[in-house]
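Student: Supplied in structure tokens, the structure appears directly below.
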Amino acid sequence: MSFTQALGASSPGGTDGASPMGAAKPHAVSARRLMRACDRASLATAGRGTDGADSSAGWPYPSLVLTAFDLDGSPLLLLSTLAEHTRNLAADPRVGLLFDGTVGLDQPLTGARLSVLGRVVRSDEPRHRARFLRRHPDAALYADFADFALHRVAIDRAHLVAGFGRIHWLTADELGLPTVAPALAQAEAALLDEVNAALAAGLAATSEGTGANDAWTVTGVDPDGCDLRRGGAVARIDFNQRISDPESVRLALAGLPLWVRQGGPQPGSQPDGPGSQDPGRPGAAPSDATTV
């Protein structure tokens with residue numbers, strides 16, 4: 001479903017000194033990368049109960065949701081008021097989100113997964129809507145329906161299981177999520193237009209691609225990395241250091257790996273996959289985040 005790769009940041013001066021990548025708790029880096037790499041999650045809400053004899057009040061109710069993320073890493077959900085989970089949230093805004101990094105593993109329990117606990121708040125912030133729809137373009141078909149609205153999850157804590165015996169509770173502070181950088185928030189749309197135009201032009205100028213469907217599209221950029229989509233496949237590329245000024249982000253996006261620029265298959269299915277190095281980008285290497 002997704003591949004996470006680390007990309008050397010372009011500007012040493014672009015780090016966020018308040019919360020550097022992997023500061024107090026090194027495993028927080030893996031937790032953040034795993035979460036951001038996922039485009040879906042299992043959502044748990046508390047049953048609100050019904051008037052019937054077989055009441056669901058208090059019972060955990062699991063469902064599947066699509067996810068995107070704000071620049072600060074807060075999960076974003078597009079929810080319908082007709083859905084059972086949204087009705088539950090009207091009574092109790094507490095949620096659990098499970099981000100699964102075990103897909104494709106022969107022994108799933110050796111892989112990473114992250115449980116995030118938080119509270120859902122409806123968001124009318126246009127930037128949140130734009131970020132969600134860029135990551136999930138098909139959602140534009142129903143996002144304007146009267147019963148749909150964007151919601152932001154304010155993270156309280158997270159529980160990382162990185163494999164057998166590698167278990168960590170993380171508070172929101174320990175998770176080390178970045179703050180929303182106003183300059184990057186304002187420049188994001190223009191940066192994405194710029195890099196995607198360059199990717200499309202580069203693909204058209206080579207014999208590697210056979211059409212528009214071969215192109216990777218960068219759907220979002222944040223202080224920790226960028227998100228990509230190619231048809232039904234999604235991928236995540238993480239920066240090796242946190243950057244939040246638009247020029248540093250522009251330089252980092254200019255050094256996207258060869259498989260992205262050539263519209264190649266998702267890493268892991270071809271030689272230009274995990275473990276490969278892009279000769280045009282010294283320092284680009286797979287991260288310690290799990291393929292999800």
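Residues are named by chain letter and number: chains run A, B, ... in the order of the structure tokens, numbers start at 1 in each chain, and ligands are numbered from 1 in the order shown.
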Please provide the set of residues having any atom within 9 Å of Ala181 (chain A), restricted to only C-alpha atoms, with same-chain residues fewer than 4 positions apart removed, written as a count of residues only.
Tutor: 8
Student: List the spatial neighbours of Ala83 (chain A) as a CSV table (one decimal) with all heavy atoms, in the first residue's frame - criterion: any atom at most 10 Å away, only C-alpha atoms, same-chain residues fewer than 4 positions off excluded.
Tutor:
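Saved to part_20.csv:
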chain,number,residue,atom,x,y,z
A,63,SER,N,-14.5,0.7,12.9
A,63,SER,CA,-14.8,1.0,11.5
A,63,SER,C,-13.5,1.4,10.7
A,63,SER,O,-12.5,1.7,11.3
A,63,SER,CB,-15.9,2.1,11.4
A,63,SER,OG,-15.5,3.3,12.1
A,79,LEU,N,-15.9,12.6,7.5
A,79,LEU,CA,-16.9,11.8,8.1
A,79,LEU,C,-18.3,12.2,7.8
A,79,LEU,O,-18.6,13.4,7.6
A,79,LEU,CB,-16.8,11.7,9.7
A,79,LEU,CG,-15.5,11.4,10.2
A,79,LEU,CD1,-15.5,11.5,11.7
A,79,LEU,CD2,-15.1,9.9,9.8
A,87,ARG,N,-22.1,9.4,14.6
A,87,ARG,CA,-23.2,9.5,15.7
A,87,ARG,C,-22.6,9.2,17.0
A,87,ARG,O,-23.0,9.8,18.0
A,87,ARG,CB,-24.3,8.5,15.3
A,87,ARG,CG,-25.1,8.9,14.0
A,87,ARG,CD,-26.1,7.9,13.7
A,87,ARG,NE,-26.8,8.2,12.4
A,87,ARG,CZ,-27.8,7.5,11.9
A,87,ARG,NH1,-28.2,6.4,12.5
A,87,ARG,NH2,-28.4,7.9,10.8
A,88,ASN,N,-21.7,8.2,17.1
A,88,ASN,CA,-21.1,7.9,18.4
A,88,ASN,C,-20.3,9.1,18.9
A,88,ASN,O,-20.3,9.5,20.1
A,88,ASN,CB,-20.2,6.7,18.3
A,88,ASN,CG,-20.9,5.4,18.1
A,88,ASN,OD1,-22.1,5.3,18.4
A,88,ASN,ND2,-20.3,4.4,17.6
A,147,ASP,N,-24.1,16.0,4.4
A,147,ASP,CA,-23.8,15.2,5.6
A,147,ASP,C,-22.3,15.0,5.9
A,147,ASP,O,-22.0,14.4,6.9
A,147,ASP,CB,-24.5,13.8,5.5
A,147,ASP,CG,-24.1,13.0,4.3
A,147,ASP,OD1,-24.4,13.5,3.2
A,147,ASP,OD2,-23.5,11.9,4.5
A,148,PHE,N,-21.4,15.4,4.9
A,148,PHE,CA,-20.0,15.2,5.1
A,148,PHE,C,-19.3,16.4,5.7
A,148,PHE,O,-19.7,17.6,5.3
A,148,PHE,CB,-19.3,14.8,3.8
A,148,PHE,CG,-19.4,13.3,3.5
A,148,PHE,CD1,-20.5,12.8,2.8
A,148,PHE,CD2,-18.5,12.4,4.0
A,148,PHE,CE1,-20.6,11.5,2.5
A,148,PHE,CE2,-18.6,11.0,3.7
A,148,PHE,CZ,-19.7,10.6,3.0
Student: May I ask which of the residues A:Leu78, A:Leu89, A:Leu114, A:Leu170 is the closest one to Ala28 (chain A), counting only C-alpha atoms?
Tutor: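 Closest candidate: A:Leu170.
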Student: Need the shell around Val121 (chain A): protein/DNA/RNA residues with any atom at most 8 Å away, counting only C-alpha atoms. Skip same-chain ones fewer than 2 positions apart. Format as number ranges by chain?
Tutor: A: 93, 119, 123, 151-154
Student: How would the residues just chosen look if you wrote them out with N, CA and C atoms as a compact mmCIF listing (two decimals), in the first residue's frame?
Tutor:
# COMPACT_ATOMS: atom_id res chain seq x y z
N PRO A 93 -16.52 12.36 22.01
CA PRO A 93 -15.55 12.66 20.95
C PRO A 93 -14.25 11.88 21.04
N ARG A 119 -9.10 13.14 20.61
CA ARG A 119 -10.47 13.65 20.57
C ARG A 119 -10.73 14.31 19.22
N SER A 123 -13.73 20.42 11.78
CA SER A 123 -12.89 21.49 11.26
C SER A 123 -13.49 22.08 9.99
N HIS A 151 -12.97 16.49 9.97
CA HIS A 151 -12.73 16.46 11.41
C HIS A 151 -11.23 16.30 11.66
N ARG A 152 -10.77 16.94 12.68
CA ARG A 152 -9.36 16.86 13.10
C ARG A 152 -9.28 16.11 14.41
N VAL A 153 -8.28 15.24 14.53
CA VAL A 153 -8.07 14.50 15.77
C VAL A 153 -6.95 15.16 16.55
N ALA A 154 -7.27 15.67 17.73
CA ALA A 154 -6.25 16.21 18.63
C ALA A 154 -5.66 15.05 19.41
Student: List every residue of region 29-97 of chain A that DSSP, applied to the backbone of this structure, assigns to strand (DSSP E or B), and report them as JSON, numbers by chain.
Tutor: {"A": [40, 41, 42, 43, 44, 45, 46, 60, 61, 62, 63, 64, 65, 66, 68, 69, 75, 76, 77, 78, 79, 80, 94, 95, 96, 97]}
Student: Would you export the selected residues with N, CA and C atoms as a short mmCIF file (atom, residue, chain, number, x, y, z; two decimals), in the first residue's frame, please?
Tutor:
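Saved as part34.cif:
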data_model
loop_
_atom_site.label_atom_id
_atom_site.label_comp_id
_atom_site.auth_asym_id
_atom_site.auth_seq_id
_atom_site.Cartn_x
_atom_site.Cartn_y
_atom_site.Cartn_z
N ARG A 40 -5.10 5.17 5.59
CA ARG A 40 -6.34 4.65 6.19
C ARG A 40 -6.03 4.16 7.60
N ALA A 41 -7.09 3.97 8.38
CA ALA A 41 -6.90 3.50 9.76
C ALA A 41 -8.17 2.82 10.22
N SER A 42 -8.04 2.02 11.25
CA SER A 42 -9.21 1.48 11.94
C SER A 42 -9.60 2.47 13.03
N LEU A 43 -10.85 2.88 13.02
CA LEU A 43 -11.35 3.88 13.96
C LEU A 43 -12.21 3.19 15.01
N ALA A 44 -11.94 3.45 16.28
CA ALA A 44 -12.74 2.91 17.38
C ALA A 44 -13.45 4.06 18.08
N THR A 45 -14.77 3.94 18.20
CA THR A 45 -15.57 4.92 18.92
C THR A 45 -16.38 4.19 19.98
N ALA A 46 -16.90 4.95 20.95
CA ALA A 46 -17.72 4.35 22.01
C ALA A 46 -19.18 4.39 21.59
N PRO A 60 -17.21 -0.78 22.33
CA PRO A 60 -16.34 -0.22 21.30
C PRO A 60 -16.87 -0.57 19.92
N TYR A 61 -16.89 0.43 19.03
CA TYR A 61 -17.38 0.22 17.67
C TYR A 61 -16.25 0.50 16.69
N PRO A 62 -15.76 -0.53 15.98
CA PRO A 62 -14.65 -0.35 15.03
C PRO A 62 -15.17 -0.09 13.62
N SER A 63 -14.46 0.74 12.88
CA SER A 63 -14.80 1.00 11.49
C SER A 63 -13.54 1.40 10.74
N LEU A 64 -13.64 1.44 9.43
CA LEU A 64 -12.52 1.80 8.57
C LEU A 64 -12.70 3.22 8.08
N VAL A 65 -11.64 4.03 8.16
CA VAL A 65 -11.71 5.41 7.68
C VAL A 65 -10.46 5.72 6.85
N LEU A 66 -10.63 6.64 5.90
CA LEU A 66 -9.49 7.19 5.18
C LEU A 66 -8.88 8.31 6.01
N ALA A 68 -5.89 11.57 6.30
CA ALA A 68 -4.84 12.48 5.85
C ALA A 68 -4.31 13.13 7.11
N PHE A 69 -3.37 14.06 6.98
CA PHE A 69 -2.77 14.66 8.16
C PHE A 69 -2.54 16.15 7.94
N PRO A 75 -4.29 13.80 12.67
CA PRO A 75 -5.07 13.07 11.68
C PRO A 75 -6.31 13.85 11.25
N LEU A 76 -6.63 13.76 9.97
CA LEU A 76 -7.80 14.40 9.40
C LEU A 76 -8.73 13.33 8.84
N LEU A 77 -10.02 13.43 9.16
CA LEU A 77 -11.01 12.44 8.75
C LEU A 77 -12.17 13.15 8.08
N LEU A 78 -12.67 12.59 7.00
CA LEU A 78 -13.87 13.08 6.34
C LEU A 78 -15.00 12.13 6.72
N LEU A 79 -15.93 12.63 7.54
CA LEU A 79 -16.94 11.76 8.13
C LEU A 79 -18.34 12.22 7.76
N SER A 80 -19.24 11.26 7.62
CA SER A 80 -20.64 11.54 7.34
C SER A 80 -21.46 11.43 8.63
N ARG A 94 -14.10 11.03 22.04
CA ARG A 94 -12.86 10.26 22.16
C ARG A 94 -12.79 9.17 21.10
N VAL A 95 -11.59 9.00 20.53
CA VAL A 95 -11.40 8.00 19.48
C VAL A 95 -10.09 7.26 19.70
N GLY A 96 -10.03 6.09 19.08
CA GLY A 96 -8.78 5.36 18.91
C GLY A 96 -8.57 5.12 17.43
N LEU A 97 -7.36 5.31 16.95
CA LEU A 97 -7.02 5.06 15.55
C LEU A 97 -5.87 4.06 15.52
#
Student: Give me, as number ranges by chain, the residues of region 52-250 of chain A that a backbone DSSP run labels helix (DSSP H, G or I).
Tutor: A: 84-91, 108-110, 126-135, 137-141, 172-175, 182-204, 212-214, 246-250
Student: Select, from A:Leu160, A:Cys38, A:Val116, A:Ala57, the residue with the minimum atom-to-atom distance to Lys25 (chain A), counting only C-alpha atoms.
Tutor: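 Going through A:Leu160, A:Cys38, A:Val116, A:Ala57 one by one, the smallest distance to Lys25 (chain A) is for A:Leu160.
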Student: With distances taken over only C-alpha atoms, which of A:Leu82, A:Leu177, A:Ala146, A:Ala31 is nearest to Gly101 (chain A)?
Tutor: A:Ala31
Student: Which one of A:Gly264, A:Asp238, A:Val29, A:Glu188 sits closest to Ala252 (chain A) if you count only C-alpha atoms?
Tutor: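 So, comparing all the options, the nearest one is A:Asp238.
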Student: Excluding Leu175 (chain A) and any residue of its chain fewer than 2 positions from it, enumerate the residues within 12 Å of it, using only C-alpha atoms, and give them as an MDAnalysis selection string.
Tutor: chainID A and resid 19:35 72:74 114 116 155:160 168:173 177:178
Student: Please dump the current selection as an mmCIF file, in the first residue's frame; keep N, CA and C atoms.
Tutor:
data_model
loop_
_atom_site.group_PDB
_atom_site.id
_atom_site.type_symbol
_atom_site.label_atom_id
_atom_site.label_comp_id
_atom_site.auth_asym_id
_atom_site.auth_seq_id
_atom_site.Cartn_x
_atom_site.Cartn_y
_atom_site.Cartn_z
ATOM 1 N N SER A 19 11.735 20.950 18.373
ATOM 2 C CA SER A 19 11.373 19.529 18.375
ATOM 3 C C SER A 19 12.032 18.845 17.191
ATOM 4 N N PRO A 20 13.351 18.569 17.264
ATOM 5 C CA PRO A 20 14.073 17.957 16.164
ATOM 6 C C PRO A 20 13.615 16.536 15.910
ATOM 7 N N MET A 21 13.963 16.040 14.737
ATOM 8 C CA MET A 21 13.576 14.680 14.387
ATOM 9 C C MET A 21 14.201 13.695 15.363
ATOM 10 N N GLY A 22 13.428 13.044 16.142
ATOM 11 C CA GLY A 22 13.933 11.995 17.003
ATOM 12 C C GLY A 22 14.606 12.483 18.243
ATOM 13 N N ALA A 23 14.166 13.561 18.826
ATOM 14 C CA ALA A 23 14.814 14.147 19.983
ATOM 15 C C ALA A 23 14.783 13.232 21.194
ATOM 16 N N ALA A 24 13.872 13.432 22.135
ATOM 17 C CA ALA A 24 13.923 12.751 23.420
ATOM 18 C C ALA A 24 13.745 11.242 23.291
ATOM 19 N N LYS A 25 12.852 10.784 22.437
ATOM 20 C CA LYS A 25 12.564 9.359 22.321
ATOM 21 C C LYS A 25 12.767 8.932 20.880
ATOM 22 N N PRO A 26 13.853 8.215 20.590
ATOM 23 C CA PRO A 26 14.140 7.833 19.199
ATOM 24 C C PRO A 26 12.996 7.077 18.535
ATOM 25 N N HIS A 27 12.273 6.244 19.313
ATOM 26 C CA HIS A 27 11.201 5.480 18.686
ATOM 27 C C HIS A 27 10.024 6.374 18.284
ATOM 28 N N ALA A 28 10.013 7.629 18.749
ATOM 29 C CA ALA A 28 8.967 8.552 18.316
ATOM 30 C C ALA A 28 9.065 8.829 16.820
ATOM 31 N N VAL A 29 10.288 8.795 16.275
ATOM 32 C CA VAL A 29 10.465 8.997 14.838
ATOM 33 C C VAL A 29 9.744 7.894 14.072
ATOM 34 N N SER A 30 9.932 6.649 14.493
ATOM 35 C CA SER A 30 9.263 5.531 13.831
ATOM 36 C C SER A 30 7.748 5.658 13.942
ATOM 37 N N ALA A 31 7.267 6.099 15.101
ATOM 38 C CA ALA A 31 5.832 6.257 15.302
ATOM 39 C C ALA A 31 5.266 7.312 14.356
ATOM 40 N N ARG A 32 5.947 8.455 14.264
ATOM 41 C CA ARG A 32 5.471 9.521 13.389
ATOM 42 C C ARG A 32 5.481 9.083 11.936
ATOM 43 N N ARG A 33 6.552 8.424 11.531
ATOM 44 C CA ARG A 33 6.667 8.014 10.131
ATOM 45 C C ARG A 33 5.639 6.963 9.768
ATOM 46 N N LEU A 34 5.407 6.024 10.663
ATOM 47 C CA LEU A 34 4.397 5.002 10.407
ATOM 48 C C LEU A 34 3.025 5.635 10.240
ATOM 49 N N MET A 35 2.667 6.534 11.141
ATOM 50 C CA MET A 35 1.355 7.163 11.095
ATOM 51 C C MET A 35 1.170 7.942 9.800
ATOM 52 N N ASP A 72 0.928 19.572 11.165
ATOM 53 C CA ASP A 72 1.455 19.216 12.480
ATOM 54 C C ASP A 72 1.246 17.742 12.823
ATOM 55 N N GLY A 73 0.768 16.962 11.873
ATOM 56 C CA GLY A 73 0.594 15.529 12.100
ATOM 57 C C GLY A 73 -0.745 15.137 12.668
ATOM 58 N N SER A 74 -1.642 16.081 12.933
ATOM 59 C CA SER A 74 -2.967 15.732 13.435
ATOM 60 C C SER A 74 -3.741 14.977 12.358
ATOM 61 N N LEU A 114 0.619 1.320 15.299
ATOM 62 C CA LEU A 114 0.519 2.461 16.204
ATOM 63 C C LEU A 114 -0.940 2.717 16.525
ATOM 64 N N VAL A 116 -3.381 5.379 18.226
ATOM 65 C CA VAL A 116 -3.431 6.792 18.601
ATOM 66 C C VAL A 116 -4.738 7.068 19.319
ATOM 67 N N ILE A 155 -4.392 14.729 19.151
ATOM 68 C CA ILE A 155 -3.758 13.549 19.737
ATOM 69 C C ILE A 155 -3.461 13.771 21.220
ATOM 70 N N ASP A 156 -3.819 12.787 22.023
ATOM 71 C CA ASP A 156 -3.520 12.820 23.453
ATOM 72 C C ASP A 156 -2.307 11.963 23.776
ATOM 73 N N ARG A 157 -2.259 10.780 23.202
ATOM 74 C CA ARG A 157 -1.142 9.861 23.419
ATOM 75 C C ARG A 157 -1.144 8.804 22.322
ATOM 76 N N ALA A 158 -0.078 8.031 22.267
ATOM 77 C CA ALA A 158 0.034 6.986 21.247
ATOM 78 C C ALA A 158 0.747 5.778 21.838
ATOM 79 N N HIS A 159 0.415 4.610 21.308
ATOM 80 C CA HIS A 159 1.005 3.351 21.771
ATOM 81 C C HIS A 159 1.629 2.653 20.573
ATOM 82 N N LEU A 160 2.952 2.583 20.557
ATOM 83 C CA LEU A 160 3.693 1.976 19.453
ATOM 84 C C LEU A 160 4.109 0.564 19.812
ATOM 85 N N HIS A 168 6.063 0.900 23.322
ATOM 86 C CA HIS A 168 6.294 2.207 23.940
ATOM 87 C C HIS A 168 5.000 3.011 23.978
ATOM 88 N N TRP A 169 4.701 3.592 25.154
ATOM 89 C CA TRP A 169 3.669 4.611 25.258
ATOM 90 C C TRP A 169 4.325 5.974 25.034
ATOM 91 N N LEU A 170 3.659 6.838 24.296
ATOM 92 C CA LEU A 170 4.172 8.169 24.004
ATOM 93 C C LEU A 170 3.083 9.205 24.260
ATOM 94 N N THR A 171 3.396 10.211 25.056
ATOM 95 C CA THR A 171 2.471 11.322 25.180
ATOM 96 C C THR A 171 2.527 12.141 23.893
ATOM 97 N N ALA A 172 1.594 13.071 23.752
ATOM 98 C CA ALA A 172 1.606 13.926 22.564
ATOM 99 C C ALA A 172 2.918 14.691 22.466
ATOM 100 N N ASP A 173 3.448 15.157 23.606
ATOM 101 C CA ASP A 173 4.725 15.878 23.591
ATOM 102 C C ASP A 173 5.874 14.957 23.194
ATOM 103 N N LEU A 177 5.546 15.849 17.450
ATOM 104 C CA LEU A 177 4.965 16.367 16.218
ATOM 105 C C LEU A 177 5.348 17.840 16.037
ATOM 106 N N PRO A 178 5.496 18.298 14.802
ATOM 107 C CA PRO A 178 5.889 19.690 14.569
ATOM 108 C C PRO A 178 4.714 20.640 14.763
#
Student: Which of these, A:Ser55, A:Thr102, A:Thr67, A:Asn240, has the shortest distance to Arg129 (chain A) once you count only C-alpha atoms?
Tutor: A:Thr67
Student: List the spatial neighbours of Gly231 (chain A) as a PyMOL selection string - criterion: any atom at most 9 Å away, only C-alpha atoms, same-chain residues fewer than 3 positions off excluded.
Tutor: chain A and resi 213-216+234
